[in-house]
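A.B. asks: Encoded as structure tokens, here's the structure I'll be asking about.
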Amino acid sequence: MSVYIKQIKIKNFRSIERLELTFNPRMNIFVGLNDAGKSNILKALNLFFNGDTDYRRKFNFDTDFCNFAKVRAKTAKEISISILVHADGFKKSEMWFTRKWRKDSPSQPPLIFKKERLCRIPAALETMRFHYIPAIKGVEIFKTLLSQLYSAIPKKENHTLIASA
């Protein structure tokens with residue numbers, strides 16, 4: 001079974017007022033000038049999955065809300081991130097999931113999705129992991145990723161791994 005993000009919608013996050021992207025299931029590459037918003041797409045995914053915006057930096061509504069977002073009168077400022085998850089092998093193969101942040105909302109608000117009978121995609125979403133790696137890399141980041149990889153392998157494999165030199 002393969003599970004991947006097919007589309008993302010970002011609203012009012014950092015430099016992104018509104019953005020909709022469709023992803024390729026195999027590989028996606030973001031290319032552009034400095035300060036074009038490439039990293040903010042990845043930071044939005046990090047916020048959606050992990051509650052952090054930057055590497056080891058918790059969400060802060062005041063700094064993460066888009067400064068030039070259009071907010072209607074008597075409407076609360078809101079950051080919204082939605083992803084369309086595709087899961088091969090299920091009767092219903094796609095489902096939208098959304099998280100919305102407001103000034104005084106919890107750092108990781110609950111997932112919003114249409115609950116459908118006998119749909120296993122929400123459980124498939126729980127198997128997805130997202131790791132944001134900033135452009136400036138250091139030894140600490142790679143040590144963290146390596147330890148997460150080591151802890152994930154036994155969960156996936158039920159047999160003993162044998163390493164050979």
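Quick note on naming: the chains in the structure tokens go A, B, ... in the order shown, residues restart at 1 in each chain, and ligands are numbered from 1 in order of appearance.
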Could you give me, as a PDB file with C-alpha atoms, in the first residue's frame, the residues within 9 Å of Leu21 of chain A, counting only C-alpha atoms and dropping anything in the same chain fewer than 5 positions from it?

C.D. replies:
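The resulting file, selection.pdb, is shown below:
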```
ATOM      1  CA  LYS A   6      -1.587  14.452  -3.581  1.00  0.00           C
ATOM      2  CA  GLN A   7      -2.454  18.109  -2.957  1.00  0.00           C
ATOM      3  CA  ILE A   8      -1.904  20.833  -0.383  1.00  0.00           C
ATOM      4  CA  LYS A   9      -3.787  24.076   0.271  1.00  0.00           C
ATOM      5  CA  ILE A  10      -2.166  26.709   2.454  1.00  0.00           C
TER       6      ILE A  10
END
```

A.B. asks: Show which residues sit within 12 Å of Thr63 of chain A, as a list in words. Count only C-alpha atoms, and ignore same-chain residues fewer than 5 positions away.

C.D. replies: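 Skipping anything fewer than 5 positions along the chain leaves Asn12, Phe13, Arg14, Ser15, Thr53, Asp54, Arg57, Lys58, Ile79 and Lys103 of chain A.
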
A.B. asks: Put those residues in a file: N, CA and C atoms, as an mmCIF file, in the first residue's frame.

C.D. replies:
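So the final result, stored in result_26.cif, reads:
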```
data_model
loop_
_atom_site.group_PDB
_atom_site.id
_atom_site.type_symbol
_atom_site.label_atom_id
_atom_site.label_comp_id
_atom_site.auth_asym_id
_atom_site.auth_seq_id
_atom_site.Cartn_x
_atom_site.Cartn_y
_atom_site.Cartn_z
ATOM 1 N N ASN A 12 -2.840 31.835 4.543
ATOM 2 C CA ASN A 12 -2.406 32.799 5.567
ATOM 3 C C ASN A 12 -1.251 32.302 6.439
ATOM 4 N N PHE A 13 -0.319 31.590 5.842
ATOM 5 C CA PHE A 13 0.834 31.091 6.587
ATOM 6 C C PHE A 13 2.108 31.774 6.106
ATOM 7 N N ARG A 14 2.750 32.481 7.000
ATOM 8 C CA ARG A 14 4.015 33.183 6.740
ATOM 9 C C ARG A 14 3.915 34.045 5.480
ATOM 10 N N SER A 15 4.685 33.771 4.422
ATOM 11 C CA SER A 15 4.633 34.600 3.210
ATOM 12 C C SER A 15 3.550 34.138 2.236
ATOM 13 N N THR A 53 6.936 24.909 13.332
ATOM 14 C CA THR A 53 7.052 25.568 12.036
ATOM 15 C C THR A 53 8.459 25.424 11.484
ATOM 16 N N ASP A 54 9.438 25.623 12.318
ATOM 17 C CA ASP A 54 10.820 25.499 11.898
ATOM 18 C C ASP A 54 11.434 24.353 12.685
ATOM 19 N N ARG A 57 11.263 24.621 16.511
ATOM 20 C CA ARG A 57 10.666 25.899 16.891
ATOM 21 C C ARG A 57 9.151 25.741 16.874
ATOM 22 N N LYS A 58 8.542 25.894 18.031
ATOM 23 C CA LYS A 58 7.104 25.726 18.145
ATOM 24 C C LYS A 58 6.355 26.820 17.393
ATOM 25 N N ILE A 79 -5.048 30.601 10.212
ATOM 26 C CA ILE A 79 -4.143 29.886 9.310
ATOM 27 C C ILE A 79 -4.786 28.542 9.046
ATOM 28 N N LYS A 103 -5.518 32.606 16.871
ATOM 29 C CA LYS A 103 -4.631 33.226 17.862
ATOM 30 C C LYS A 103 -4.554 32.434 19.172
#
```

A.B. asks: Need to verify the contact set: Ser80 of chain A, 6 Å, only C-alpha atoms, exclusion of same-chain residues closer than 2 positions in sequence. Can you return it as JSON, numbers by chain?

C.D. replies: {"A": [10, 11, 99, 100]}

A.B. asks: Suppose you want the space between atom CA of Phe142 of chain A and atom CA of Val85 of chain A; what is it in Å?

C.D. replies: 27.7 Å

A.B. asks: For the strand (DSSP E) assignment from backbone DSSP, which residues of chain A qualify? Please present them as a PyMOL selection string.

C.D. replies: chain A and resi 3-13+16-22+52-54+57-58+78-87+94-102

A.B. asks: As a PyMOL selection string, list the residues of segment 30-64 of chain A assigned to helix (DSSP H, G or I) by DSSP on the backbone atoms of this structure.

C.D. replies: chain A and resi 38-50+61-64

A.B. asks: Mind dumping a table of every segment 27-66 of chain A residue within 8 Å of segment 108-128 of chain A, with the nearest atom pair and its distance in Å to one decimal, using only C-alpha atoms, sorted by chain and rising number, as a tab-separated table?

C.D. replies:
```
residue	atom	partner	partner_atom	distance
A:Phe48	CA	A:Gln108	CA	7.9
A:Asn50	CA	A:Gln108	CA	7.8
A:Gly51	CA	A:Gln108	CA	5.3
```

A.B. asks: Please produce a file of those selected residues containing all heavy atoms, as a compact mmCIF listing (two decimals), in the first residue's frame.

C.D. replies:
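Final output, saved to out-v7.txt:
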```
# COMPACT_ATOMS: atom_id res chain seq x y z
N PHE A 48 1.58 21.15 10.02
CA PHE A 48 0.44 20.24 9.92
C PHE A 48 0.70 18.93 10.66
O PHE A 48 -0.13 18.46 11.42
CB PHE A 48 0.13 19.95 8.44
CG PHE A 48 -1.08 19.08 8.25
CD1 PHE A 48 -2.33 19.65 8.11
CD2 PHE A 48 -0.97 17.70 8.21
CE1 PHE A 48 -3.45 18.85 7.94
CE2 PHE A 48 -2.08 16.90 8.03
CZ PHE A 48 -3.33 17.48 7.90
N ASN A 50 3.54 18.06 12.71
CA ASN A 50 4.32 18.01 13.94
C ASN A 50 4.05 19.14 14.93
O ASN A 50 4.55 19.10 16.05
CB ASN A 50 5.82 18.00 13.60
CG ASN A 50 6.17 16.84 12.69
OD1 ASN A 50 5.71 15.73 12.89
ND2 ASN A 50 6.97 17.10 11.67
N GLY A 51 3.33 20.18 14.51
CA GLY A 51 3.06 21.29 15.42
C GLY A 51 4.20 22.29 15.52
O GLY A 51 4.13 23.24 16.29
```

A.B. asks: List the spatial neighbours of Thr144 of chain A as a list of chain:residue names - criterion: any atom at most 12 Å away, only C-alpha atoms, same-chain residues fewer than 6 positions off excluded.

C.D. replies: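 Those residues are A:Tyr55, A:Arg56, A:His131, A:Tyr132, A:Ile133, A:Lys137, A:Gly138, A:Tyr150, A:Ser151.
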
A.B. asks: Keeping all heavy atoms for every residue in the selection just given, could you write it to a file as a PDB file, in the first residue's frame?

C.D. replies:
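What landed in selection-v3.pdb:
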```
ATOM      1  N   TYR A  55      12.641  24.006  12.378  1.00  0.00           N
ATOM      2  CA  TYR A  55      13.305  22.916  13.084  1.00  0.00           C
ATOM      3  C   TYR A  55      13.387  23.249  14.568  1.00  0.00           C
ATOM      4  O   TYR A  55      13.998  24.248  14.959  1.00  0.00           O
ATOM      5  CB  TYR A  55      14.705  22.684  12.494  1.00  0.00           C
ATOM      6  CG  TYR A  55      15.443  21.542  13.139  1.00  0.00           C
ATOM      7  CD1 TYR A  55      15.043  20.231  12.915  1.00  0.00           C
ATOM      8  CD2 TYR A  55      16.516  21.773  13.964  1.00  0.00           C
ATOM      9  CE1 TYR A  55      15.711  19.172  13.502  1.00  0.00           C
ATOM     10  CE2 TYR A  55      17.205  20.725  14.557  1.00  0.00           C
ATOM     11  CZ  TYR A  55      16.794  19.429  14.326  1.00  0.00           C
ATOM     12  OH  TYR A  55      17.446  18.380  14.910  1.00  0.00           O
ATOM     13  N   ARG A  56      12.688  22.492  15.383  1.00  0.00           N
ATOM     14  CA  ARG A  56      12.638  22.642  16.838  1.00  0.00           C
ATOM     15  C   ARG A  56      12.156  24.021  17.287  1.00  0.00           C
ATOM     16  O   ARG A  56      12.590  24.554  18.286  1.00  0.00           O
ATOM     17  CB  ARG A  56      13.998  22.327  17.452  1.00  0.00           C
ATOM     18  CG  ARG A  56      14.347  20.870  17.330  1.00  0.00           C
ATOM     19  CD  ARG A  56      15.525  20.546  18.170  1.00  0.00           C
ATOM     20  NE  ARG A  56      15.718  19.101  18.188  1.00  0.00           N
ATOM     21  CZ  ARG A  56      16.778  18.521  18.673  1.00  0.00           C
ATOM     22  NH1 ARG A  56      17.738  19.234  19.202  1.00  0.00           N
ATOM     23  NH2 ARG A  56      16.883  17.215  18.642  1.00  0.00           N
ATOM     24  N   HIS A 131       9.474  14.960   8.207  1.00  0.00           N
ATOM     25  CA  HIS A 131      10.627  15.545   8.878  1.00  0.00           C
ATOM     26  C   HIS A 131      11.096  16.741   8.071  1.00  0.00           C
ATOM     27  O   HIS A 131      11.455  16.600   6.908  1.00  0.00           O
ATOM     28  CB  HIS A 131      11.770  14.537   9.007  1.00  0.00           C
ATOM     29  CG  HIS A 131      11.411  13.367   9.848  1.00  0.00           C
ATOM     30  ND1 HIS A 131      11.420  13.407  11.220  1.00  0.00           N
ATOM     31  CD2 HIS A 131      10.995  12.122   9.516  1.00  0.00           C
ATOM     32  CE1 HIS A 131      11.035  12.242  11.690  1.00  0.00           C
ATOM     33  NE2 HIS A 131      10.770  11.454  10.679  1.00  0.00           N
ATOM     34  N   TYR A 132      11.072  17.897   8.694  1.00  0.00           N
ATOM     35  CA  TYR A 132      11.553  19.105   8.055  1.00  0.00           C
ATOM     36  C   TYR A 132      13.046  19.239   8.327  1.00  0.00           C
ATOM     37  O   TYR A 132      13.482  19.206   9.474  1.00  0.00           O
ATOM     38  CB  TYR A 132      10.807  20.334   8.589  1.00  0.00           C
ATOM     39  CG  TYR A 132      11.391  21.638   8.120  1.00  0.00           C
ATOM     40  CD1 TYR A 132      11.279  22.009   6.788  1.00  0.00           C
ATOM     41  CD2 TYR A 132      12.081  22.463   8.986  1.00  0.00           C
ATOM     42  CE1 TYR A 132      11.833  23.200   6.336  1.00  0.00           C
ATOM     43  CE2 TYR A 132      12.627  23.656   8.550  1.00  0.00           C
ATOM     44  CZ  TYR A 132      12.507  24.015   7.226  1.00  0.00           C
ATOM     45  OH  TYR A 132      13.057  25.178   6.777  1.00  0.00           O
ATOM     46  N   ILE A 133      13.831  19.371   7.260  1.00  0.00           N
ATOM     47  CA  ILE A 133      15.269  19.561   7.387  1.00  0.00           C
ATOM     48  C   ILE A 133      15.590  20.933   6.819  1.00  0.00           C
ATOM     49  O   ILE A 133      15.407  21.164   5.621  1.00  0.00           O
ATOM     50  CB  ILE A 133      16.054  18.469   6.626  1.00  0.00           C
ATOM     51  CG1 ILE A 133      15.654  17.086   7.135  1.00  0.00           C
ATOM     52  CG2 ILE A 133      17.553  18.700   6.769  1.00  0.00           C
ATOM     53  CD1 ILE A 133      16.188  15.958   6.310  1.00  0.00           C
ATOM     54  N   LYS A 137      22.412  22.751   7.305  1.00  0.00           N
ATOM     55  CA  LYS A 137      22.460  21.449   7.963  1.00  0.00           C
ATOM     56  C   LYS A 137      23.642  21.393   8.920  1.00  0.00           C
ATOM     57  O   LYS A 137      24.680  21.941   8.657  1.00  0.00           O
ATOM     58  CB  LYS A 137      22.562  20.338   6.922  1.00  0.00           C
ATOM     59  CG  LYS A 137      21.388  20.315   5.988  1.00  0.00           C
ATOM     60  CD  LYS A 137      21.684  19.445   4.793  1.00  0.00           C
ATOM     61  CE  LYS A 137      20.630  19.613   3.739  1.00  0.00           C
ATOM     62  NZ  LYS A 137      20.677  20.883   3.046  1.00  0.00           N
ATOM     63  N   GLY A 138      23.440  20.705   9.999  1.00  0.00           N
ATOM     64  CA  GLY A 138      24.507  20.498  10.968  1.00  0.00           C
ATOM     65  C   GLY A 138      24.489  19.070  11.444  1.00  0.00           C
ATOM     66  O   GLY A 138      23.575  18.301  11.145  1.00  0.00           O
ATOM     67  N   TYR A 150      16.375   4.740  13.293  1.00  0.00           N
ATOM     68  CA  TYR A 150      16.605   3.523  14.069  1.00  0.00           C
ATOM     69  C   TYR A 150      15.382   3.121  14.872  1.00  0.00           C
ATOM     70  O   TYR A 150      15.059   1.953  14.998  1.00  0.00           O
ATOM     71  CB  TYR A 150      17.803   3.691  15.003  1.00  0.00           C
ATOM     72  CG  TYR A 150      19.153   3.605  14.326  1.00  0.00           C
ATOM     73  CD1 TYR A 150      20.218   4.367  14.766  1.00  0.00           C
ATOM     74  CD2 TYR A 150      19.371   2.762  13.235  1.00  0.00           C
ATOM     75  CE1 TYR A 150      21.457   4.303  14.142  1.00  0.00           C
ATOM     76  CE2 TYR A 150      20.593   2.694  12.609  1.00  0.00           C
ATOM     77  CZ  TYR A 150      21.636   3.458  13.068  1.00  0.00           C
ATOM     78  OH  TYR A 150      22.852   3.396  12.462  1.00  0.00           O
ATOM     79  N   SER A 151      14.668   4.093  15.422  1.00  0.00           N
ATOM     80  CA  SER A 151      13.485   3.758  16.222  1.00  0.00           C
ATOM     81  C   SER A 151      12.298   3.355  15.342  1.00  0.00           C
ATOM     82  O   SER A 151      11.407   2.643  15.781  1.00  0.00           O
ATOM     83  CB  SER A 151      13.101   4.917  17.140  1.00  0.00           C
ATOM     84  OG  SER A 151      12.670   6.020  16.379  1.00  0.00           O
TER      85      SER A 151
END
```

A.B. asks: Looking at A:Glu140, A:Phe30, A:Lys92, A:Asp64, which one is nearest to Leu42 of chain A, with distances taken over only C-alpha atoms?

C.D. replies: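 Among the listed residues, the smallest separation from Leu42 of chain A belongs to A:Phe30.
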